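Data file: coords.txt. Format and content: compact mmCIF, C-alpha atoms.
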```txt
# COMPACT_ATOMS: atom_id res chain seq x y z
CA MET M 119 -5.44 135.88 64.49
CA GLY M 120 -5.34 134.46 67.98
CA LEU M 121 -8.34 133.71 70.16
CA THR M 122 -7.37 136.46 72.62
CA SER M 123 -6.51 139.04 69.93
CA ASP M 124 -8.38 142.36 69.99
CA LYS M 125 -8.62 142.09 66.19
CA THR M 126 -10.51 138.81 66.53
CA LEU M 127 -13.03 140.41 68.89
CA ALA M 128 -13.37 143.51 66.67
CA LEU M 129 -13.97 141.43 63.53
CA THR M 130 -16.52 139.26 65.32
CA ILE M 131 -18.41 142.36 66.48
CA LEU M 132 -18.25 143.83 62.95
CA PHE M 133 -19.58 140.57 61.48
CA ALA M 134 -22.47 140.55 63.98
CA VAL M 135 -23.35 144.17 63.17
CA LEU M 136 -23.30 143.46 59.42
CA LEU M 137 -25.55 140.43 59.92
CA PHE M 138 -27.99 142.53 61.92
CA VAL M 139 -28.07 145.26 59.27
CA GLY M 140 -28.44 142.64 56.53
CA THR M 141 -31.31 140.99 58.38
CA VAL M 142 -33.18 144.30 58.68
CA TRP M 143 -32.58 145.08 55.01
CA LEU M 144 -33.50 141.63 53.66
CA TRP M 145 -36.47 140.93 55.95
CA PRO M 146 -39.13 142.59 53.70
CA ARG M 147 -37.88 140.53 50.74
CA LEU M 148 -38.22 137.35 52.80
CA ALA M 149 -41.77 138.07 53.96
CA ARG M 150 -43.31 135.49 51.63
CA ARG M 151 -44.59 132.12 52.81
CA ASN M 152 -42.74 129.83 50.46
CA TRP M 153 -40.03 127.51 51.77
CA ARG M 154 -37.17 129.62 50.41
CA ALA M 155 -38.34 132.76 52.25
CA VAL M 156 -38.93 130.87 55.49
CA SER M 157 -35.51 129.19 55.22
CA GLY M 158 -33.90 132.57 54.58
CA ARG M 159 -35.50 134.12 57.68
CA VAL M 160 -34.48 131.17 59.86
CA GLY M 161 -30.95 131.27 58.46
CA LEU M 162 -30.53 134.99 59.10
CA LEU M 163 -31.88 134.76 62.65
CA LEU M 164 -29.68 131.76 63.43
CA ALA M 165 -26.54 133.39 61.96
CA THR M 166 -27.17 136.61 63.89
CA GLN M 167 -27.66 134.72 67.15
CA VAL M 168 -24.47 132.68 66.60
CA ALA M 169 -22.51 135.87 65.86
CA LEU M 170 -23.81 137.54 69.03
CA PHE M 171 -22.91 134.50 71.16
CA ALA M 172 -19.46 134.41 69.54
CA CYS M 173 -18.91 138.08 70.47
CA LEU M 174 -19.98 137.39 74.03
CA GLY M 175 -17.84 134.26 74.33
CA ILE M 176 -14.69 135.90 72.97
CA ALA M 177 -15.18 138.96 75.19
CA VAL M 178 -15.69 136.81 78.31
CA ASN M 179 -12.63 134.70 77.43
CA GLN M 180 -10.54 137.85 77.09
CA ALA M 181 -11.76 139.09 80.47
CA PHE M 182 -11.24 135.82 82.36
CA GLY M 183 -8.51 134.04 80.38
CA PHE M 184 -10.12 130.60 80.17
CA TYR M 185 -8.41 129.59 76.91
CA ALA M 186 -5.16 130.90 75.44
CA SER M 187 -5.59 129.86 71.82
CA TRP M 188 -7.92 128.19 69.33
CA ALA M 189 -6.02 124.94 69.86
CA ASP M 190 -6.51 125.26 73.60
CA LEU M 191 -10.26 125.86 73.12
CA LEU M 192 -10.62 122.86 70.80
CA GLY M 193 -8.43 120.58 72.92
CA ARG M 194 -5.81 120.35 70.20
CA GLU M 195 -2.74 121.74 71.93
CA THR M 196 0.42 120.37 70.40
CA ASP M 197 2.91 121.11 73.18
CA GLN M 198 1.92 118.33 75.58
CA GLY M 199 4.30 115.49 76.26
CA VAL M 200 7.40 117.43 75.21
CA VAL M 201 10.58 115.91 76.60
CA VAL M 202 13.73 118.02 76.44
CA ASP M 203 17.12 116.58 77.41
CA HIS M 204 19.59 119.07 78.85
CA VAL M 205 23.29 118.84 79.52
CA ALA M 206 24.30 120.15 82.92
CA GLY M 207 26.39 123.29 82.61
CA GLY M 208 25.63 123.82 78.94
CA ALA M 209 24.87 127.42 77.91
CA GLY M 210 21.13 127.88 77.53
CA ARG M 211 20.49 124.24 78.42
CA GLY M 212 19.34 124.53 82.01
CA PRO M 213 15.91 123.49 83.27
CA VAL M 214 14.68 127.08 82.80
CA ARG M 215 14.90 128.70 79.37
CA VAL M 216 14.02 132.40 79.12
CA VAL M 217 11.92 133.01 76.00
CA SER M 218 11.31 136.76 76.37
CA THR M 219 11.34 139.55 78.92
CA SER M 220 9.06 142.52 79.54
CA GLN M 221 8.71 145.39 81.96
CA VAL M 222 6.07 145.34 84.68
CA HIS M 223 3.31 147.61 83.39
CA GLY M 224 1.17 149.88 85.49
CA VAL M 225 3.93 151.08 87.83
CA SER M 226 6.04 154.23 87.65
CA GLY M 227 9.59 154.17 86.38
CA SER M 228 11.33 152.31 83.59
CA GLY M 229 13.79 149.46 83.45
CA PRO M 230 14.01 146.38 85.67
CA ARG M 231 15.81 148.22 88.49
CA ALA M 232 12.76 150.46 88.88
CA THR M 233 9.81 148.22 88.02
CA GLY M 234 11.11 144.68 88.08
CA GLN M 235 10.86 142.29 85.15
CA VAL M 236 8.51 139.59 83.89
CA GLN M 237 10.23 136.72 82.10
CA LYS M 238 8.36 134.27 79.91
CA VAL M 239 10.12 130.95 80.41
CA ASP M 240 9.96 127.27 79.55
CA ILE M 241 10.53 124.98 82.53
CA VAL M 242 11.59 121.35 82.17
CA GLY M 243 11.38 118.87 85.02
CA ARG M 244 14.45 116.69 85.33
CA THR M 245 12.58 113.99 87.28
CA THR M 246 9.23 113.96 85.48
CA HIS M 247 10.56 115.12 82.07
CA MET M 248 7.51 117.37 81.84
CA ALA M 249 7.78 120.76 80.16
CA THR M 250 5.54 123.76 80.76
CA PRO M 251 5.53 127.48 79.97
CA ALA M 252 5.49 129.94 82.87
CA TYR M 253 6.03 133.58 83.76
CA VAL M 254 8.57 134.65 86.38
CA TYR M 255 8.33 138.01 88.11
CA LEU M 256 11.65 139.35 89.41
CA PRO M 257 11.33 142.35 91.78
CA PRO M 258 13.35 145.53 91.19
CA GLU M 259 15.70 144.64 94.05
CA TYR M 260 16.80 141.54 92.12
CA PHE M 261 18.60 143.84 89.65
CA GLN M 262 19.92 146.46 92.06
CA PRO M 263 23.66 146.31 92.88
CA GLN M 264 23.19 146.44 96.66
CA TYR M 265 21.19 143.20 96.51
CA ARG M 266 23.47 141.28 94.13
CA THR M 267 24.36 138.65 96.76
CA ARG M 268 20.89 138.39 98.30
CA THR M 269 18.57 135.45 97.80
CA PHE M 270 14.82 136.00 97.54
CA PRO M 271 11.76 134.07 98.74
CA VAL M 272 9.61 132.49 96.05
CA THR M 273 5.86 132.10 95.68
CA VAL M 274 4.43 129.79 93.04
CA VAL M 275 1.15 131.18 91.66
CA LEU M 276 -1.32 128.86 89.93
CA THR M 277 -4.31 129.61 87.73
CA GLY M 278 -7.56 127.74 87.78
CA TYR M 279 -8.44 125.21 85.10
CA PRO M 280 -8.44 125.77 82.15
CA GLY M 281 -6.93 129.22 82.82
CA THR M 282 -3.86 130.66 81.14
CA ALA M 283 -0.62 131.61 82.87
CA ARG M 284 -0.66 134.97 81.09
CA SER M 285 -3.89 135.88 82.88
CA LEU M 286 -1.96 135.96 86.18
CA VAL M 287 0.09 138.82 84.72
CA ASP M 288 -2.46 140.70 82.60
CA LYS M 289 -5.79 140.03 84.35
CA LEU M 290 -4.98 139.36 88.00
CA HIS M 291 -1.98 141.74 88.04
CA TYR M 292 0.21 139.71 90.40
CA PRO M 293 3.52 141.37 89.38
CA ARG M 294 2.11 144.90 89.55
CA THR M 295 0.47 144.23 92.91
CA ALA M 296 3.62 142.65 94.38
CA GLN M 297 5.77 145.55 93.18
CA LYS M 298 3.47 148.16 94.72
CA LEU M 299 3.13 146.32 98.02
CA ALA M 300 6.91 145.93 98.35
CA ARG M 301 7.47 149.58 97.42
CA ASP M 302 5.03 150.62 100.15
CA GLY M 303 6.77 148.39 102.70
CA ARG M 304 3.76 146.09 103.08
CA MET M 305 5.58 142.95 101.91
CA GLN M 306 9.14 141.86 101.27
CA PRO M 307 10.51 141.69 97.70
CA MET M 308 9.60 138.26 96.36
CA ILE M 309 9.95 136.23 93.18
CA LEU M 310 6.71 134.93 91.66
CA VAL M 311 6.61 131.84 89.42
CA MET M 312 3.27 131.88 87.59
CA LEU M 313 1.87 128.92 85.66
CA ARG M 314 -1.08 126.61 85.09
CA PRO M 315 -1.78 123.78 87.54
CA THR M 316 -2.02 121.26 84.73
CA VAL M 317 1.35 120.41 83.24
CA ALA M 318 -0.18 117.97 80.73
CA PRO M 319 -2.77 120.05 78.82
CA PRO M 320 -5.55 119.68 77.93
CA ARG M 321 -5.94 117.21 80.81
CA ASP M 322 -6.85 118.57 84.24
CA THR M 323 -4.35 116.71 86.42
CA GLU M 324 -5.47 118.26 89.76
CA CYS M 325 -1.75 118.23 90.69
CA VAL M 326 -1.90 114.44 91.14
CA ASP M 327 0.79 111.87 90.34
CA VAL M 328 -1.40 109.85 88.01
CA PRO M 329 -0.41 106.16 87.93
CA ARG M 330 1.19 105.48 84.54
CA GLY M 331 0.38 109.09 83.67
CA PRO M 332 1.53 112.68 84.28
CA GLN M 333 3.46 113.07 87.54
CA ALA M 334 2.09 116.53 88.26
CA GLU M 335 2.57 116.53 92.04
CA THR M 336 6.21 115.50 91.73
CA PHE M 337 6.72 118.26 89.19
CA PHE M 338 5.49 120.92 91.65
CA ALA M 339 7.09 119.38 94.75
CA LYS M 340 10.53 118.62 93.29
CA ASP M 341 11.16 119.57 89.67
CA LEU M 342 9.87 123.13 89.82
CA PRO M 343 11.82 124.13 92.97
CA ASP M 344 14.96 122.45 91.61
CA ALA M 345 14.64 124.26 88.27
CA VAL M 346 14.10 127.67 89.87
CA HIS M 347 16.98 127.09 92.32
CA ALA M 348 19.28 126.31 89.42
CA HIS M 349 18.46 129.50 87.53
CA TYR M 350 17.63 132.26 90.03
CA ARG M 351 18.96 133.61 93.33
CA VAL M 352 16.31 132.13 95.58
CA GLY M 353 16.23 130.91 99.14
CA ARG M 354 16.94 127.22 99.63
CA GLY M 355 15.59 126.84 103.15
CA PRO M 356 12.25 125.10 103.82
CA GLY M 357 10.75 128.42 104.88
CA SER M 358 11.50 130.35 101.70
CA TRP M 359 8.80 128.93 99.40
CA GLY M 360 5.06 129.54 99.32
CA ILE M 361 2.25 128.73 96.89
CA ILE M 362 -0.98 130.53 95.91
CA GLY M 363 -3.76 129.49 93.56
CA ASP M 364 -7.35 130.20 92.61
CA SER M 365 -10.08 127.59 92.08
CA THR M 366 -8.30 124.42 90.87
CA GLY M 367 -5.00 126.15 91.56
CA GLY M 368 -6.27 126.93 95.06
CA TYR M 369 -6.95 123.26 95.75
CA CYS M 370 -3.48 122.43 94.42
CA ALA M 371 -1.86 125.10 96.59
CA LEU M 372 -3.48 123.80 99.77
CA LYS M 373 -2.73 120.18 98.93
CA LEU M 374 0.91 120.80 98.02
CA ALA M 375 1.49 122.78 101.23
CA MET M 376 -0.11 119.98 103.25
CA HIS M 377 1.65 117.14 101.43
CA HIS M 378 5.04 118.85 101.25
CA PRO M 379 5.50 121.23 104.21
CA GLY M 380 9.26 120.84 103.85
CA VAL M 381 8.98 122.53 100.44
CA TYR M 382 6.10 124.98 100.87
CA ALA M 383 5.98 126.82 104.19
CA ALA M 384 2.63 128.41 103.29
CA GLY M 385 -0.23 127.76 100.88
CA ALA M 386 -3.17 130.00 99.96
CA GLY M 387 -6.31 128.76 98.21
CA LEU M 388 -8.54 131.47 96.71
CA SER M 389 -12.04 130.04 96.16
CA ALA M 390 -10.54 126.59 96.59
CA TYR M 391 -12.27 123.25 96.90
CA TYR M 392 -10.98 120.48 99.14
CA LYS M 393 -11.33 117.22 97.22
CA ALA M 394 -10.09 116.37 93.73
CA PRO M 395 -12.99 115.86 91.31
CA VAL M 396 -13.10 113.06 88.77
CA ASP M 397 -14.84 114.13 85.57
CA PRO M 398 -14.29 114.13 81.79
CA THR M 399 -11.54 116.78 82.07
CA THR M 400 -9.54 114.80 84.64
CA GLY M 401 -10.03 111.28 83.41
CA ASP M 402 -9.29 108.48 85.87
CA LEU M 403 -6.77 110.21 88.14
CA PHE M 404 -6.29 107.39 90.61
CA GLN M 405 -6.50 104.22 88.50
CA GLY M 406 -8.13 102.33 91.36
CA ASP M 407 -5.46 103.36 93.90
CA GLY M 408 -7.48 104.03 97.07
CA THR M 409 -4.50 105.42 98.98
CA LEU M 410 -3.80 107.96 96.26
CA ARG M 411 -7.49 108.93 96.13
CA ASP M 412 -7.64 109.39 99.91
CA ARG M 413 -4.51 111.55 100.06
CA ALA M 414 -5.95 113.84 97.37
CA ASN M 415 -8.92 114.46 99.69
CA LEU M 416 -7.99 117.20 102.16
CA TRP M 417 -10.86 116.19 104.46
CA TRP M 418 -9.44 112.68 104.72
CA LEU M 419 -5.93 114.04 105.18
CA LEU M 420 -6.92 116.12 108.20
CA GLY M 421 -8.58 113.16 109.88
CA HIS M 422 -6.06 110.40 109.16
CA GLU M 423 -2.54 111.82 108.93
CA PRO M 424 -0.42 113.91 111.32
CA ALA M 425 -1.04 117.63 110.96
CA PRO M 426 1.58 119.17 108.64
CA ASN M 427 3.75 122.02 109.93
CA THR M 428 2.61 124.62 107.41
CA SER M 429 0.45 127.73 107.21
CA LEU M 430 -2.75 127.81 105.17
CA LEU M 431 -4.99 130.63 103.94
CA VAL M 432 -8.47 130.06 102.50
CA THR M 433 -10.89 132.56 100.98
CA SER M 434 -14.61 132.63 100.25
CA SER M 435 -17.66 134.91 100.18
CA LYS M 436 -20.82 134.72 102.25
CA ILE M 437 -22.88 135.44 99.13
CA GLY M 438 -21.84 134.26 95.67
CA GLU M 439 -19.39 131.44 96.44
CA THR M 440 -20.47 127.80 96.53
CA ASN M 441 -17.53 126.81 98.78
CA TYR M 442 -18.53 129.08 101.70
CA LYS M 443 -19.89 126.36 104.03
CA ASP M 444 -17.09 123.95 103.13
CA THR M 445 -14.53 126.67 103.81
CA LEU M 446 -15.91 127.33 107.29
CA LYS M 447 -15.87 123.59 107.96
CA PHE M 448 -12.30 123.32 106.68
CA ILE M 449 -11.18 126.15 108.96
CA ALA M 450 -12.73 124.38 111.94
CA ARG M 451 -11.07 121.07 111.01
CA VAL M 452 -7.63 122.69 110.71
CA GLN M 453 -8.10 124.56 113.99
CA ALA M 454 -8.62 121.21 115.69
CA THR M 455 -5.09 120.12 114.71
CA ASN M 456 -2.13 120.97 116.90
CA LEU M 457 0.36 122.12 114.29
CA THR M 458 -1.17 123.44 111.04
CA ARG M 459 -2.01 127.15 111.13
CA ILE M 460 -5.05 128.52 109.30
CA SER M 461 -6.09 132.05 108.24
CA SER M 462 -8.98 133.23 106.09
CA ILE M 463 -10.39 136.03 103.98
CA ILE M 464 -14.20 135.99 103.98
CA LEU M 465 -15.90 138.63 101.85
CA ASP M 466 -19.53 139.66 102.31
CA SER M 467 -20.18 139.01 98.63
CA GLY M 468 -18.16 137.93 95.63
CA GLY M 469 -18.20 135.39 92.84
CA HIS M 470 -15.91 132.72 91.46
CA ASN M 471 -14.20 135.23 89.18
CA PHE M 472 -11.25 137.53 88.54
CA ASN M 473 -12.91 140.56 90.10
CA THR M 474 -13.24 138.77 93.44
CA TRP M 475 -9.71 137.37 93.34
CA ARG M 476 -8.24 140.79 92.54
CA ARG M 477 -9.82 142.01 95.78
CA GLU M 478 -8.18 139.19 97.73
CA ILE M 479 -4.71 139.12 96.13
CA PRO M 480 -3.12 142.13 97.95
CA ALA M 481 -3.95 140.74 101.40
CA THR M 482 -2.93 137.25 100.27
CA LEU M 483 0.49 138.44 99.08
CA GLN M 484 1.03 140.30 102.35
CA TRP M 485 0.03 137.21 104.31
CA ILE M 486 2.34 134.84 102.48
CA SER M 487 5.23 137.32 102.52
CA GLY M 488 5.04 137.44 106.29
CA ARG M 489 5.49 133.67 106.48
CA LEU M 490 8.51 133.30 104.20
CA SER M 491 12.21 133.94 104.75
CA ASP M 492 14.85 134.74 102.15
CA ARG M 493 17.27 132.05 103.34
```

Same coordinates, now as structure tokens:
Amino acid sequence: MGLTSDKTLALTILFAVLLFVGTVWLWPRLARRNWRAVSGRVGLLLATQVALFACLGIAVNQAFGFYASWADLLGRETDQGVVVDHVAGGAGRGPVRVVSTSQVHGVSGSGPRATGQVQKVDIVGRTTHMATPAYVYLPPEYFQPQYRTRTFPVTVVLTGYPGTARSLVDKLHYPRTAQKLARDGRMQPMILVMLRPTVAPPRDTECVDVPRGPQAETFFAKDLPDAVHAHYRVGRGPGSWGIIGDSTGGYCALKLAMHHPGVYAAGAGLSAYYKAPVDPTTGDLFQGDGTLRDRANLWWLLGHEPAPNTSLLVTSSKIGETNYKDTLKFIARVQATNLTRISSIILDSGGHNFNTWRREIPATLQWISGRLSDR
């Protein structure tokens, strides 16, 4: 059973309940003062506490999507470093391979022409030779005959670290929200490409081209757009691509829009930070390269390089978010430039969590839709 399976949670809860009942039943028999009785009481209390914490941990992981599997939790994923060679023009051998398809749940109607479609795909970068799973949302218009020659704008959507791409579909409801907003005329129909910001799990790459390591920034700036262009009817102009992310993904979204304004016309960082951390999950990202370290620092970028011609959106909360003061400072720094445009969503209260981001996503999708073209 998988880590995110309802059966796993149910069995863990059942085990905790049985331990509790067993503890109550056995406690009178373990009331003696010899070492066996004391050891039995300690063992029962410890086992019950562990079971309760396991229930809580699995429930929280299901709610927030931190880890996708037991291997992911234990840092033993086996799909990293996969290189797939493809022959141009070969059937099923393009840079995007569709693994499965599903209907967008939570909206009225049936079939892709009514609700759109979510495709689970594997994407392979031709330049970096990095492979990653993703989910692609195609709006209903993509399948309707009157739009068969139309191209669509694209928004890349990134999770935090160590989030799962599936959480963008099931927990943050990006496809359902986009479908409803477009149906109500509040945003244009748009393709969403949803994935994790790390393309070399379990390492947190912070979307950096690591010297002699994963070329994560190149993957997002070149390989991903090229792969999606080759497989879907998407706009090819510099104004047809945007990028959104939360937490680590938010930092990546802002950085990619600032580093590559010719690729991403707009970038939105939900609860983002503004400087790449270096910690045990990232390893040594810069390998002593000061230039690379500086360019990964958005504060440094604003003060030392020409302002990029892109639009940025940042979000925070007055109460509950640790990035509130930094976000206000970032807004002021961007406003001092003569080219980069900045917008914000500031909530009165909210935490670094899915509930807060779900409140911000509709306005964020509307904002980014208004800054993209379909050409």

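The space between CA of Lys436 in chain M and CA of Ile486 in chain M spans 23.2 Å.
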
Legend entry - All residues 12 Å or closer to Leu132 in chain M, only C-alpha atoms, same chain fewer than 3 positions away omitted, as a list in words: Lys125, Thr126, Leu127, Ala128, Leu129, Val135, Leu136, Leu137, Phe138, Val139, Thr166, Ala169, Leu170, Ala172 and Cys173 of chain M

Inset, instruction - Name the residues in contact with Thr458 in chain M at a cut-off of 8 Å, using all atoms listed in the file, excluding same-chain residues fewer than 5 positions from it; report them as a PyMOL selection string. - result: chain M and resi 425-430+452-453

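CA of Val242 in chain M is positioned 21.5 Å from CA of Phe270 in chain M.
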
Extending 6 Å beyond the listed atoms of range 133-145 of chain M on each side, what axis-aligned box results? I want centre and edge lengths in Å to one decimal, as AutoDock Vina command-line options.
```
--center_x -28.0 --center_y 142.8 --center_z 58.8 --size_x 28.9 --size_y 16.8 --size_z 22.3
```

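Comparing M:Gly278, M:Gly401, M:Pro480, M:Gly387 by their smallest distance to Pro332 in chain M, the closest is M:Gly401 (using all atoms listed in the file).
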
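Closest approach to Arg244 in chain M from the set M:Thr445, M:Ser462, M:Gln333, M:Asn152 is made by M:Gln333, with distances taken over only C-alpha atoms.
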
Legend entry - Closest of M:Met312, M:Ile362, M:Ala283, M:Met248 to Ala334 in chain M - atom-to-atom distances counting all atoms listed in the file: M:Met248

Legend entry - Who sits within 8 Å of range 403-410 of chain M, only C-alpha atoms, same chain under 5 positions skipped, as a PyMOL selection string: chain M and resi 323+326+328-329+396

Keeping only C-alpha atoms, take the residues you just selected and write them out as a PDB file, in the coordinates of the input.
```
ATOM      1  CA  THR M 323      -4.350 116.710  86.420  1.00  0.00           C
ATOM      2  CA  VAL M 326      -1.900 114.440  91.140  1.00  0.00           C
ATOM      3  CA  VAL M 328      -1.400 109.850  88.010  1.00  0.00           C
ATOM      4  CA  PRO M 329      -0.410 106.160  87.930  1.00  0.00           C
ATOM      5  CA  VAL M 396     -13.100 113.060  88.770  1.00  0.00           C
TER       6      VAL M 396
END
```

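A straight line drawn from CA of Thr141 in chain M to CA of Arg154 in chain M is 15.1 Å long.
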
Legend entry - For Gly175 in chain M, the nearest of the candidates M:Thr273, M:Ser435, M:Ser220, M:Thr130, counting all atoms listed in the file: M:Thr130

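Among the candidates M:Val381, M:Val352, M:Leu162, M:Leu420, the residue lying nearest to Thr267 in chain M is M:Val352 (atoms considered: only C-alpha atoms).
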
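Comparing M:His247, M:Ile460, M:Met376, M:Ala300 by their smallest distance to Ala414 in chain M, the closest is M:Met376 (using all atoms listed in the file).
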
Compile the contact shell of Leu286 in chain M as an mmCIF file with C-alpha atoms, in the coordinates of the input: residues with an atom at most 10 Å away, counting all atoms listed in the file, same-chain residues fewer than 5 positions apart removed.
```cif
data_model
loop_
_atom_site.group_PDB
_atom_site.id
_atom_site.type_symbol
_atom_site.label_atom_id
_atom_site.label_comp_id
_atom_site.auth_asym_id
_atom_site.auth_seq_id
_atom_site.Cartn_x
_atom_site.Cartn_y
_atom_site.Cartn_z
ATOM 1 C CA GLY M 183 -8.510 134.040 80.380
ATOM 2 C CA TYR M 253 6.030 133.580 83.760
ATOM 3 C CA VAL M 275 1.150 131.180 91.660
ATOM 4 C CA LEU M 276 -1.320 128.860 89.930
ATOM 5 C CA THR M 277 -4.310 129.610 87.730
ATOM 6 C CA GLY M 281 -6.930 129.220 82.820
ATOM 7 C CA HIS M 291 -1.980 141.740 88.040
ATOM 8 C CA TYR M 292 0.210 139.710 90.400
ATOM 9 C CA PRO M 293 3.520 141.370 89.380
ATOM 10 C CA MET M 312 3.270 131.880 87.590
ATOM 11 C CA LEU M 313 1.870 128.920 85.660
ATOM 12 C CA ARG M 314 -1.080 126.610 85.090
ATOM 13 C CA GLY M 363 -3.760 129.490 93.560
ATOM 14 C CA PHE M 472 -11.250 137.530 88.540
#
```

Contacts of range 356-412 of chain M with range 335-351 of chain M up to 12 Å, shortest pair per row, all atoms listed in the file, as a tab-separated table:
```
residue	atom	partner	partner_atom	distance
M:Pro356	CA	M:Pro343	CA	10.9
M:Ser358	CA	M:Pro343	CA	10.7
M:Trp359	CA	M:Pro343	CA	8.6
M:Gly360	CA	M:Pro343	CA	10.7
M:Ile361	CA	M:Phe338	CA	9.9
M:Gly367	CA	M:Phe338	CA	11.7
M:Cys370	CA	M:Glu335	CA	8.8
M:Ala371	CA	M:Phe338	CA	9.8
M:Lys373	CA	M:Glu335	CA	9.4
M:Leu374	CA	M:Ala339	CA	7.1
M:Ala375	CA	M:Ala339	CA	9.2
M:Met376	CA	M:Ala339	CA	11.2
M:His377	CA	M:Ala339	CA	8.9
M:His378	CA	M:Ala339	CA	6.8
M:Pro379	CA	M:Ala339	CA	9.8
M:Gly380	CA	M:Ala339	CA	9.5
M:Val381	CA	M:Ala339	CA	6.8
M:Tyr382	CA	M:Ala339	CA	8.4
M:Leu403	CA	M:Glu335	CA	11.9
M:Leu410	CA	M:Glu335	CA	11.5
```
